[in-house]
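Containing TSV, C-alpha atoms: coords26.tsv.
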```
chain	number	residue	atom	x	y	z
V	1	MET	CA	43.74	35.83	154.52
V	2	LYS	CA	45.19	32.85	156.37
V	3	SER	CA	44.84	32.29	160.06
V	4	PRO	CA	47.31	30.21	162.11
V	5	SER	CA	45.08	27.19	161.70
V	6	GLY	CA	43.93	27.56	158.15
V	7	LEU	CA	41.83	29.92	156.07
V	8	CYS	CA	40.43	33.15	157.44
V	9	HIS	CA	37.87	35.07	155.45
V	10	CYS	CA	35.52	37.97	156.10
V	11	ARG	CA	32.22	38.26	154.32
V	12	SER	CA	28.98	40.19	154.43
V	13	ALA	CA	26.36	37.75	155.54
V	14	CYS	CA	23.21	39.75	154.77
V	15	PRO	CA	22.00	43.36	154.76
V	16	GLY	CA	22.89	44.88	158.12
V	17	ALA	CA	24.97	41.93	159.28
V	18	ILE	CA	28.71	41.17	159.44
V	19	SER	CA	30.25	37.74	159.81
V	20	CYS	CA	33.89	36.84	160.37
V	21	GLY	CA	34.64	33.13	160.11
V	22	PHE	CA	37.84	31.26	160.83
V	23	VAL	CA	37.91	27.92	159.08
V	24	THR	CA	40.28	25.19	160.18
V	25	ASP	CA	41.25	22.80	157.43
V	26	ARG	CA	41.89	19.38	158.96
V	27	ALA	CA	43.01	17.66	155.83
V	28	ARG	CA	44.04	14.44	157.49
V	29	THR	CA	40.77	13.85	159.26
V	30	GLY	CA	38.62	15.34	156.53
V	31	ALA	CA	36.60	17.07	159.22
V	32	PRO	CA	36.88	20.86	158.93
V	33	THR	CA	35.50	22.85	161.82
V	34	THR	CA	34.22	26.43	161.75
V	35	THR	CA	33.65	28.98	164.45
V	36	ALA	CA	31.99	32.25	163.56
V	37	CYS	CA	30.87	35.41	165.24
V	38	SER	CA	28.11	37.53	163.77
V	39	ALA	CA	26.31	40.71	164.53
V	40	GLY	CA	23.33	42.20	162.83
V	41	GLY	CA	20.93	45.09	162.82
V	42	GLY	CA	21.52	48.68	163.84
V	43	ASN	CA	21.97	51.81	161.80
V	44	ALA	CA	24.51	52.45	159.03
V	45	THR	CA	27.14	53.87	161.39
V	46	ILE	CA	27.04	50.83	163.65
V	47	ARG	CA	27.22	48.55	160.62
V	48	ARG	CA	30.32	50.36	159.36
V	49	LEU	CA	31.95	50.12	162.77
V	50	ARG	CA	31.23	46.41	162.99
V	51	ARG	CA	32.53	45.86	159.48
V	52	SER	CA	35.75	47.70	160.35
V	53	PHE	CA	36.12	45.67	163.54
V	54	ALA	CA	35.70	42.40	161.65
V	55	LEU	CA	38.38	43.40	159.14
V	56	MET	CA	40.71	44.36	161.99
V	57	VAL	CA	40.23	40.95	163.61
V	58	CYS	CA	41.07	39.15	160.38
V	59	GLY	CA	44.08	41.40	159.84
V	60	PHE	CA	45.30	40.58	163.34
V	61	MET	CA	44.91	36.85	162.68
V	62	ALA	CA	46.88	37.26	159.46
V	63	LEU	CA	49.74	38.82	161.44
V	64	LEU	CA	49.68	35.91	163.86
V	65	SER	CA	49.84	33.47	160.98
V	66	SER	CA	53.13	34.93	159.77
V	67	GLY	CA	54.84	33.51	162.88
V	68	PRO	CA	54.66	29.72	163.12
V	69	ALA	CA	55.37	28.50	159.79
V	70	ARG	CA	58.50	29.41	159.10
V	71	ALA	CA	56.85	26.71	157.03
V	72	LEU	CA	56.86	29.47	154.47
V	73	ASP	CA	60.51	28.70	153.64
V	74	LEU	CA	59.67	25.07	153.00
V	75	GLN	CA	59.31	24.17	149.34
V	76	ILE	CA	56.84	21.48	148.35
V	77	PHE	CA	57.50	18.84	145.70
V	78	THR	CA	54.72	16.49	144.62
V	79	ASP	CA	54.86	13.29	142.57
V	80	VAL	CA	58.32	12.53	143.99
V	81	ARG	CA	59.81	9.10	143.22
V	82	LEU	CA	62.18	6.92	145.22
V	83	ILE	CA	65.36	6.03	143.30
V	84	ALA	CA	67.08	2.72	143.99
V	85	ASN	CA	70.48	3.46	145.49
V	86	PRO	CA	72.89	1.41	147.65
V	87	ALA	CA	73.03	4.32	150.10
V	88	ASN	CA	69.27	4.21	150.80
V	89	ASP	CA	68.18	3.27	154.30
V	90	GLY	CA	65.18	3.87	156.52
V	91	ASP	CA	65.68	7.57	157.18
V	92	SER	CA	67.91	8.64	154.27
V	93	PHE	CA	67.39	7.97	150.57
V	94	VAL	CA	67.69	9.32	147.03
V	95	VAL	CA	64.64	10.71	145.23
V	96	GLN	CA	63.67	12.30	141.95
V	97	ALA	CA	61.76	15.53	142.55
V	98	GLY	CA	60.80	17.02	139.20
V	99	ASP	CA	64.05	17.59	137.34
V	100	ARG	CA	66.10	17.44	140.54
V	101	GLN	CA	67.72	14.42	142.15
V	102	LEU	CA	68.00	14.85	145.91
V	103	HIS	CA	69.42	12.78	148.74
V	104	LEU	CA	66.99	13.30	151.63
V	105	ARG	CA	67.36	12.87	155.38
V	106	ILE	CA	64.05	13.02	157.24
V	107	TYR	CA	63.46	15.27	160.24
V	108	PHE	CA	62.78	13.94	163.75
V	109	ALA	CA	63.47	10.22	163.23
V	110	ASP	CA	66.60	8.08	163.49
V	111	CYS	CA	66.49	4.50	162.19
V	112	PRO	CA	68.90	1.74	163.26
V	113	GLU	CA	71.99	1.62	161.06
V	114	SER	CA	72.06	-1.06	158.36
V	115	VAL	CA	75.82	-0.95	157.76
V	116	ALA	CA	79.00	0.30	159.45
V	117	THR	CA	82.03	1.08	157.29
V	118	THR	CA	83.96	3.47	159.56
V	119	ASP	CA	84.86	3.79	163.23
V	120	ALA	CA	82.29	6.58	163.48
V	121	ASP	CA	79.61	4.23	162.08
V	122	ALA	CA	80.52	1.53	164.58
V	123	LYS	CA	80.34	4.03	167.43
V	124	ARG	CA	76.89	5.12	166.26
V	125	VAL	CA	75.69	1.50	166.11
V	126	ARG	CA	76.82	0.93	169.70
V	127	GLU	CA	75.06	4.13	170.77
V	128	GLN	CA	71.82	3.00	169.09
V	129	ALA	CA	72.08	-0.44	170.67
V	130	ARG	CA	72.34	1.12	174.12
V	131	TYR	CA	69.41	3.45	173.46
V	132	PHE	CA	67.16	0.58	172.36
V	133	GLY	CA	68.39	-1.65	175.20
V	134	ILE	CA	70.06	-4.23	172.94
V	135	THR	CA	73.01	-6.06	174.49
V	136	ASP	CA	74.29	-7.47	171.18
V	137	ALA	CA	75.02	-4.42	168.97
V	138	LYS	CA	75.14	-6.58	165.82
V	139	LYS	CA	71.36	-7.01	166.05
V	140	VAL	CA	71.01	-3.31	165.21
V	141	PHE	CA	71.82	-4.11	161.58
V	142	GLU	CA	68.91	-6.52	161.39
V	143	PHE	CA	66.45	-3.80	162.29
V	144	GLY	CA	68.26	-1.30	160.07
V	145	HIS	CA	67.51	-3.54	157.09
V	146	ALA	CA	63.90	-3.89	158.27
V	147	ALA	CA	63.56	-0.08	158.41
V	148	THR	CA	65.03	0.24	154.91
V	149	ALA	CA	62.50	-2.26	153.54
V	150	PHE	CA	59.67	-0.52	155.42
V	151	THR	CA	60.52	2.87	153.91
V	152	SER	CA	60.99	1.41	150.44
V	153	ASN	CA	57.54	-0.18	150.64
V	154	LEU	CA	55.84	3.01	151.91
V	155	LEU	CA	57.45	5.07	149.16
V	156	ALA	CA	56.72	2.64	146.34
V	157	GLN	CA	54.05	5.07	145.13
V	158	PRO	CA	54.74	8.76	144.33
V	159	PHE	CA	54.87	10.90	147.45
V	160	THR	CA	55.29	14.51	148.61
V	161	ILE	CA	58.25	16.22	150.25
V	162	TYR	CA	58.72	19.54	152.03
V	163	THR	CA	62.26	20.88	152.24
V	164	ALA	CA	64.15	24.10	152.93
V	165	PHE	CA	67.31	22.45	151.56
V	166	ALA	CA	69.03	22.62	154.96
V	167	SER	CA	72.23	20.58	154.83
V	168	ALA	CA	72.12	17.20	156.54
V	169	LEU	CA	75.80	16.52	155.88
V	170	GLY	CA	76.37	12.78	155.32
V	171	ARG	CA	78.79	10.87	153.13
V	172	SER	CA	76.86	11.06	149.83
V	173	PRO	CA	78.78	12.88	147.04
V	174	GLY	CA	76.26	15.72	146.66
V	175	GLY	CA	75.40	15.93	150.33
V	176	ARG	CA	71.96	15.45	151.86
V	177	VAL	CA	69.12	17.82	152.70
V	178	TYR	CA	66.54	17.55	155.46
V	179	ALA	CA	62.90	17.04	154.48
V	180	PHE	CA	59.45	16.09	155.68
V	181	VAL	CA	58.14	13.15	153.65
V	182	VAL	CA	54.42	12.43	153.29
V	183	THR	CA	53.30	9.21	151.63
V	184	ARG	CA	50.67	9.00	148.92
V	185	ASP	CA	48.00	8.10	151.47
V	186	GLY	CA	48.90	11.05	153.72
V	187	HIS	CA	51.15	9.42	156.34
V	188	ASP	CA	54.22	11.26	157.61
V	189	LEU	CA	57.19	8.90	157.17
V	190	ALA	CA	58.87	9.83	160.47
V	191	HIS	CA	55.64	9.16	162.36
V	192	ALA	CA	55.16	5.82	160.63
V	193	LEU	CA	58.72	4.67	161.38
V	194	VAL	CA	58.60	5.65	165.05
V	195	ALA	CA	55.13	4.18	165.56
V	196	GLY	CA	56.27	0.95	163.91
V	197	GLY	CA	59.25	0.62	166.23
V	198	LEU	CA	61.73	1.10	163.40
V	199	ALA	CA	63.10	4.48	164.50
V	200	ARG	CA	63.49	6.58	167.61
V	201	ALA	CA	62.19	10.12	168.02
V	202	TYR	CA	65.62	11.67	167.66
V	203	GLY	CA	67.41	14.00	165.29
V	204	THR	CA	67.17	17.42	163.69
V	205	LYS	CA	63.88	19.25	164.24
V	206	ARG	CA	61.98	22.21	162.83
V	207	ASP	CA	58.41	23.48	162.64
V	208	GLY	CA	56.25	21.39	160.34
V	209	PRO	CA	54.74	22.28	156.97
V	210	ASP	CA	51.33	22.61	158.63
V	211	GLY	CA	52.66	25.18	161.11
V	212	LYS	CA	52.88	22.72	164.02
V	213	THR	CA	55.83	23.62	166.25
V	214	SER	CA	58.88	21.40	166.49
V	215	GLU	CA	58.18	20.96	170.20
V	216	ALA	CA	54.65	19.70	169.50
V	217	ILE	CA	55.89	17.30	166.81
V	218	GLN	CA	58.63	15.95	169.09
V	219	LYS	CA	56.17	15.40	171.95
V	220	GLU	CA	53.82	13.54	169.63
V	221	LEU	CA	56.63	11.31	168.35
V	222	GLN	CA	57.84	10.57	171.87
V	223	GLY	CA	54.35	9.30	172.63
V	224	PHE	CA	54.49	7.01	169.57
V	225	GLU	CA	57.92	5.78	170.65
V	226	LEU	CA	56.73	4.95	174.15
V	227	GLU	CA	53.74	3.05	172.74
V	228	ALA	CA	55.99	1.10	170.36
V	229	MET	CA	58.31	0.25	173.25
V	230	LEU	CA	55.50	-0.96	175.50
V	231	GLU	CA	54.03	-3.09	172.70
V	232	ARG	CA	57.52	-4.34	171.70
V	233	ARG	CA	57.16	-3.39	168.05
V	234	GLY	CA	60.08	-3.56	165.67
V	235	VAL	CA	63.46	-3.03	167.30
V	236	TRP	CA	61.86	-2.85	170.73
V	237	ALA	CA	61.18	-6.59	170.49
V	238	ALA	CA	64.91	-7.10	171.09
V	239	THR	CA	65.06	-4.79	174.13
V	240	ASP	CA	66.44	-6.29	177.32
V	241	ALA	CA	64.19	-4.61	179.87
V	242	LYS	CA	66.58	-5.47	182.72
V	243	GLU	CA	69.56	-3.86	180.98
V	244	ILE	CA	68.17	-0.82	179.14
V	245	ALA	CA	68.58	1.62	182.04
V	246	CYS	CA	72.16	0.51	182.62
V	247	LEU	CA	73.00	0.65	178.90
V	248	ARG	CA	71.60	4.16	178.54
V	249	ALA	CA	73.48	5.36	181.62
V	250	GLU	CA	76.66	3.87	180.15
V	251	GLN	CA	76.08	5.76	176.89
V	252	GLN	CA	75.37	9.03	178.68
V	253	ALA	CA	78.59	8.70	180.67
V	254	GLU	CA	80.58	8.02	177.50
V	255	THR	CA	78.98	10.95	175.67
V	256	GLN	CA	79.73	13.30	178.57
V	257	SER	CA	83.32	12.08	178.69
V	258	ASP	CA	83.70	12.77	174.95
V	259	LYS	CA	82.30	16.29	175.36
V	260	GLU	CA	84.70	17.03	178.18
V	261	LEU	CA	87.67	15.86	176.11
V	262	ILE	CA	86.59	18.00	173.15
V	263	LYS	CA	86.03	21.02	175.38
V	264	PHE	CA	89.42	20.54	177.05
V	265	SER	CA	91.18	20.14	173.72
V	266	ALA	CA	89.45	22.77	171.59
V	267	GLY	CA	87.89	25.08	174.13
V	268	LYS	CA	85.43	27.75	173.11
V	269	HIS	CA	87.52	30.23	171.16
V	270	ALA	CA	86.37	30.67	167.59
V	271	VAL	CA	88.38	33.30	165.70
V	272	ALA	CA	86.41	36.53	165.18
V	273	GLY	CA	84.28	36.34	162.04
V	274	SER	CA	85.42	32.79	161.28
V	275	VAL	CA	82.18	30.79	161.55
V	276	ASP	CA	79.94	30.98	158.46
V	277	LEU	CA	76.27	30.49	159.37
V	278	ASN	CA	75.52	28.85	156.01
V	279	THR	CA	78.42	26.38	155.80
V	280	ALA	CA	79.78	25.71	159.30
V	281	SER	CA	79.46	22.20	160.70
V	282	ALA	CA	77.73	21.57	164.02
V	283	ARG	CA	81.13	21.24	165.68
V	284	GLU	CA	82.34	24.55	164.21
V	285	LEU	CA	79.18	26.31	165.37
V	286	GLN	CA	79.68	24.91	168.87
V	287	SER	CA	83.15	26.44	168.97
V	288	VAL	CA	81.34	29.75	169.48
V	289	SER	CA	80.72	30.51	173.14
V	290	GLY	CA	76.97	30.56	173.62
V	291	ILE	CA	76.13	27.96	170.94
V	292	GLY	CA	75.49	24.46	172.22
V	293	PRO	CA	74.42	21.25	170.41
V	294	VAL	CA	70.72	22.12	170.38
V	295	LEU	CA	71.19	25.63	169.04
V	296	ALA	CA	73.75	24.43	166.49
V	297	THR	CA	71.19	21.94	165.17
V	298	LYS	CA	68.53	24.67	164.94
V	299	ILE	CA	70.93	26.98	163.11
V	300	ILE	CA	71.75	24.31	160.53
V	301	ALA	CA	68.04	23.53	160.06
V	302	GLY	CA	67.24	27.20	159.52
V	303	ARG	CA	69.61	27.74	156.59
V	304	PRO	CA	70.12	29.69	154.39
V	305	TYR	CA	70.78	33.05	156.06
V	306	LYS	CA	71.14	36.40	154.32
V	307	ASN	CA	72.73	38.09	157.33
V	308	ILE	CA	73.56	37.42	160.97
V	309	ASP	CA	70.37	39.17	162.18
V	310	ASP	CA	68.39	36.34	160.52
V	311	LEU	CA	69.31	34.27	163.58
V	312	LEU	CA	66.60	36.15	165.48
V	313	ARG	CA	64.04	33.99	163.68
V	314	ILE	CA	65.51	30.90	165.39
V	315	SER	CA	63.61	29.80	168.48
V	316	GLY	CA	65.69	30.48	171.57
V	317	VAL	CA	67.86	33.26	170.08
V	318	GLY	CA	67.22	36.67	171.61
V	319	ALA	CA	68.82	40.05	170.99
V	320	LYS	CA	71.22	39.75	173.94
V	321	GLN	CA	72.44	36.30	172.94
V	322	LEU	CA	72.84	37.39	169.33
V	323	GLU	CA	75.11	40.26	170.34
V	324	LYS	CA	77.17	37.85	172.41
V	325	ILE	CA	77.82	35.43	169.55
V	326	ARG	CA	77.84	37.94	166.67
V	327	PRO	CA	81.62	38.69	166.75
V	328	ALA	CA	82.53	35.11	165.84
V	329	LEU	CA	79.98	34.80	163.04
V	330	VAL	CA	79.90	35.72	159.38
V	331	VAL	CA	77.65	35.19	156.36
V	332	ASN	CA	79.86	34.93	153.30
V	333	PRO	CA	78.49	35.66	149.81
V	334	GLN	CA	77.16	32.49	148.17
```

Could you show the structure in this file as structure tokens?
Amino acid sequence: MKSPSGLCHCRSACPGAISCGFVTDRARTGAPTTTACSAGGGNATIRRLRRSFALMVCGFMALLSSGPARALDLQIFTDVRLIANPANDGDSFVVQAGDRQLHLRIYFADCPESVATTDADAKRVREQARYFGITDAKKVFEFGHAATAFTSNLLAQPFTIYTAFASALGRSPGGRVYAFVVTRDGHDLAHALVAGGLARAYGTKRDGPDGKTSEAIQKELQGFELEAMLERRGVWAATDAKEIACLRAEQQAETQSDKELIKFSAGKHAVAGSVDLNTASARELQSVSGIGPVLATKIIAGRPYKNIDDLLRISGVGAKQLEKIRPALVVNPQ
């Protein structure tokens, strides 16, 4: 039976003794730790009671373990290969996973853009420049190319991916899906990019394949980002320390202005039963009163859904909120 941190097993240690051990597998450090409780001696009745208690403890731990990972809906693909493609960049690229070709978008990290072909692209480049404190937005492309090369180098050897096939939208013909990417030597790609100053801790989130919560992963990445900023790694080398606060405030004001225009124009009045949980865009989801940008992102990351009640597995969605938004939602047959 699995515990939240790894493998849980019960075993008879010796005549008249019961032992229940919870073993934590720390694969990355190679240093497993074990805590155990044991009791021995006594008559047959006491031994049976202790044995029953030990089994109850392990059963309880198994129930706890069913919570965090919604990792259980992540599929693992090993021996994945990077495929050369003009659309590849630091955080989005095409791979061959077994007999499937997938266009991936990694969770948690956002690399500088390497090209802008639309007005939306140009707007995103300006937003990234302000975030990183770069006064000349054209320099963003330079670091976008650096991030692309960095990812290509890290993924030169076969690697592993974890994906629930949640849609990441994008302009690629077949669409993109979100994934965690782990290099051959065990490094998480998002962590490596942020720590190297070639991405910010920003983007769609979900609990990790090891059961770590999205909040814990985000906090860890924010620490890496701060360290990269202070040491002026990667894109942070171009940061204008005197201007970054002003640039970010400018971006926040512009973003708020855009939201107010959208709200004024579209309002919050989705037609009853018009928003499909499995296909709606983030903007369509936000047309439902009670669904904001953060929840819309979580809903998209948690796809697919069999019914509307599946939303209860999303962090932050309670029974009262679900009843409030239910009338506007639908799950159409696939």

When you look at range 243-249 of chain V with a cut-off of 9 Å (counting all atoms listed in the file), what residues show up, excluding the ones that are within fewer than 5 positions of it in the same chain? I need them as a JSON list (two decimals) with C-alpha atoms, keeping the file's coordinate frame.
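Saved to selection.json:
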```json
[["chain", "number", "residue", "atom", "x", "y", "z"],
["V", 127, "GLU", "CA", 75.06, 4.13, 170.77],
["V", 129, "ALA", "CA", 72.08, -0.44, 170.67],
["V", 130, "ARG", "CA", 72.34, 1.12, 174.12],
["V", 131, "TYR", "CA", 69.41, 3.45, 173.46],
["V", 132, "PHE", "CA", 67.16, 0.58, 172.36],
["V", 133, "GLY", "CA", 68.39, -1.65, 175.20],
["V", 134, "ILE", "CA", 70.06, -4.23, 172.94],
["V", 135, "THR", "CA", 73.01, -6.06, 174.49],
["V", 254, "GLU", "CA", 80.58, 8.02, 177.50]]
```

- Between CA of Arg81 in chain V and CA of Leu104 in chain V lies a distance of 11.8 Å

- Message: Measuring between all atoms listed in the file, which one of V:Leu74, V:Ile300, V:Leu329, V:Leu169 shows the shortest distance to Lys205 in chain V?
- Response: V:Ile300

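Closest to Thr163 in chain V among V:Glu231, V:Asp99, V:Asp73, V:Asp309 is V:Asp73, based on all atoms listed in the file.
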
- Query: Which residues come within 10 Å of Val115 in chain V, counting all atoms listed in the file, excluding same-chain residues fewer than 4 positions away, as a count of residues only?
  - Reply: 11

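Omitting Met229 in chain V and its sequence neighbours fewer than 6 positions away, and counting all atoms listed in the file, the residues within 10 Å are Phe132, Val194, Ala195, Gly196, Gly197, Arg200, Gly223, Val235, Trp236, Ala237 and Thr239 of chain V.
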
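Distance annotation: of V:Ala296, V:Ala319, V:Ala216, V:Ala228, the residue with the minimal separation from Glu284 in chain V is V:Ala296; atom set is only C-alpha atoms.
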
Please provide as an mmCIF file with C-alpha atoms, in the coordinates of the input all residues within 12 Å of Ala164 in chain V, with the sequence filter that same-chain residues fewer than 5 positions apart are discarded (counting all atoms listed in the file).
```cif
data_model
loop_
_atom_site.group_PDB
_atom_site.id
_atom_site.type_symbol
_atom_site.label_atom_id
_atom_site.label_comp_id
_atom_site.auth_asym_id
_atom_site.auth_seq_id
_atom_site.Cartn_x
_atom_site.Cartn_y
_atom_site.Cartn_z
ATOM 1 C CA ALA V 69 55.370 28.500 159.790
ATOM 2 C CA ARG V 70 58.500 29.410 159.100
ATOM 3 C CA ALA V 71 56.850 26.710 157.030
ATOM 4 C CA LEU V 72 56.860 29.470 154.470
ATOM 5 C CA ASP V 73 60.510 28.700 153.640
ATOM 6 C CA LEU V 74 59.670 25.070 153.000
ATOM 7 C CA GLN V 75 59.310 24.170 149.340
ATOM 8 C CA ILE V 76 56.840 21.480 148.350
ATOM 9 C CA PHE V 77 57.500 18.840 145.700
ATOM 10 C CA LEU V 104 66.990 13.300 151.630
ATOM 11 C CA ARG V 105 67.360 12.870 155.380
ATOM 12 C CA ILE V 106 64.050 13.020 157.240
ATOM 13 C CA TYR V 107 63.460 15.270 160.240
ATOM 14 C CA ARG V 176 71.960 15.450 151.860
ATOM 15 C CA VAL V 177 69.120 17.820 152.700
ATOM 16 C CA TYR V 178 66.540 17.550 155.460
ATOM 17 C CA ALA V 179 62.900 17.040 154.480
ATOM 18 C CA PHE V 180 59.450 16.090 155.680
ATOM 19 C CA ARG V 206 61.980 22.210 162.830
ATOM 20 C CA ASP V 207 58.410 23.480 162.640
ATOM 21 C CA GLY V 208 56.250 21.390 160.340
ATOM 22 C CA PRO V 209 54.740 22.280 156.970
ATOM 23 C CA ILE V 300 71.750 24.310 160.530
ATOM 24 C CA ALA V 301 68.040 23.530 160.060
ATOM 25 C CA GLY V 302 67.240 27.200 159.520
ATOM 26 C CA ARG V 303 69.610 27.740 156.590
ATOM 27 C CA PRO V 304 70.120 29.690 154.390
ATOM 28 C CA TYR V 305 70.780 33.050 156.060
#
```

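Comparing the minimum interatomic distances between Phe108 in chain V and each of V:Gly316, V:Gly292, V:Ala156, V:Glu215, counting all atoms listed in the file, we find that V:Glu215 sits nearest.
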
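The closest residue to Val181 in chain V, picked from V:Ser214, V:Thr78, V:Thr279, V:Gln101 and counting all atoms listed in the file, is V:Thr78.
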
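By all atoms listed in the file, and with residues fewer than 5 positions from Arg283 in chain V along its chain excluded, the set lying at most 10 Å from it is Ile262, Val288, Ile291, Gly292, Pro293, Ala296 and Thr297 of chain V.
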
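The interatomic distance for the pair CA of Pro327 in chain V and CA of Leu285 in chain V works out to 12.7 Å.
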
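Minimum atom-to-atom distance to Ala192 in chain V, evaluated using only C-alpha atoms, belongs to V:Thr151 out of V:Ser287, V:Thr151, V:Ser92, V:Gln251.
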
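The spacing separating CA of Gly211 in chain V from CA of Leu82 in chain V amounts to 26.0 Å.
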
Rebuild N, CA and C atoms on range 188-210 of chain V, as a compact mmCIF listing (two decimals), in the coordinates of the input?
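Here's the written file selection_8.txt:
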```
# COMPACT_ATOMS: atom_id res chain seq x y z
N ASP V 188 52.88 10.71 157.46
CA ASP V 188 54.22 11.26 157.61
C ASP V 188 55.18 10.10 157.86
N LEU V 189 56.27 10.04 157.09
CA LEU V 189 57.19 8.90 157.17
C LEU V 189 57.83 8.78 158.55
N ALA V 190 58.25 9.89 159.14
CA ALA V 190 58.87 9.83 160.47
C ALA V 190 57.90 9.25 161.49
N HIS V 191 56.65 9.68 161.44
CA HIS V 191 55.64 9.16 162.36
C HIS V 191 55.46 7.66 162.17
N ALA V 192 55.39 7.23 160.91
CA ALA V 192 55.16 5.82 160.63
C ALA V 192 56.33 4.96 161.13
N LEU V 193 57.55 5.43 160.94
CA LEU V 193 58.72 4.67 161.38
C LEU V 193 58.78 4.56 162.89
N VAL V 194 58.55 5.67 163.59
CA VAL V 194 58.60 5.65 165.05
C VAL V 194 57.47 4.79 165.62
N ALA V 195 56.27 4.96 165.08
CA ALA V 195 55.13 4.18 165.56
C ALA V 195 55.32 2.69 165.30
N GLY V 196 56.03 2.35 164.23
CA GLY V 196 56.27 0.95 163.91
C GLY V 196 57.45 0.34 164.64
N GLY V 197 58.12 1.13 165.48
CA GLY V 197 59.25 0.62 166.23
C GLY V 197 60.51 0.47 165.39
N LEU V 198 60.58 1.20 164.28
CA LEU V 198 61.73 1.10 163.40
C LEU V 198 62.56 2.39 163.38
N ALA V 199 62.31 3.25 164.34
CA ALA V 199 63.10 4.48 164.50
C ALA V 199 62.82 5.03 165.89
N ARG V 200 63.72 5.86 166.35
CA ARG V 200 63.49 6.58 167.61
C ARG V 200 63.19 8.04 167.29
N ALA V 201 62.50 8.70 168.20
CA ALA V 201 62.19 10.12 168.02
C ALA V 201 63.45 10.90 168.39
N TYR V 202 64.29 11.11 167.40
CA TYR V 202 65.62 11.67 167.66
C TYR V 202 66.15 12.28 166.37
N GLY V 203 66.82 13.42 166.48
CA GLY V 203 67.41 14.00 165.29
C GLY V 203 67.06 15.46 165.13
N THR V 204 67.39 16.01 163.98
CA THR V 204 67.17 17.42 163.69
C THR V 204 65.67 17.73 163.61
N LYS V 205 65.30 18.87 164.14
CA LYS V 205 63.88 19.25 164.24
C LYS V 205 63.65 20.62 163.61
N ARG V 206 62.42 20.88 163.25
CA ARG V 206 61.98 22.21 162.83
C ARG V 206 60.46 22.21 162.80
N ASP V 207 59.86 23.39 162.72
CA ASP V 207 58.41 23.48 162.64
C ASP V 207 57.94 22.79 161.37
N GLY V 208 56.76 22.18 161.44
CA GLY V 208 56.25 21.39 160.34
C GLY V 208 55.62 22.20 159.23
N PRO V 209 55.34 21.58 158.10
CA PRO V 209 54.74 22.28 156.97
C PRO V 209 53.32 22.75 157.25
N ASP V 210 52.68 22.18 158.26
CA ASP V 210 51.33 22.61 158.63
C ASP V 210 51.34 23.67 159.72
```
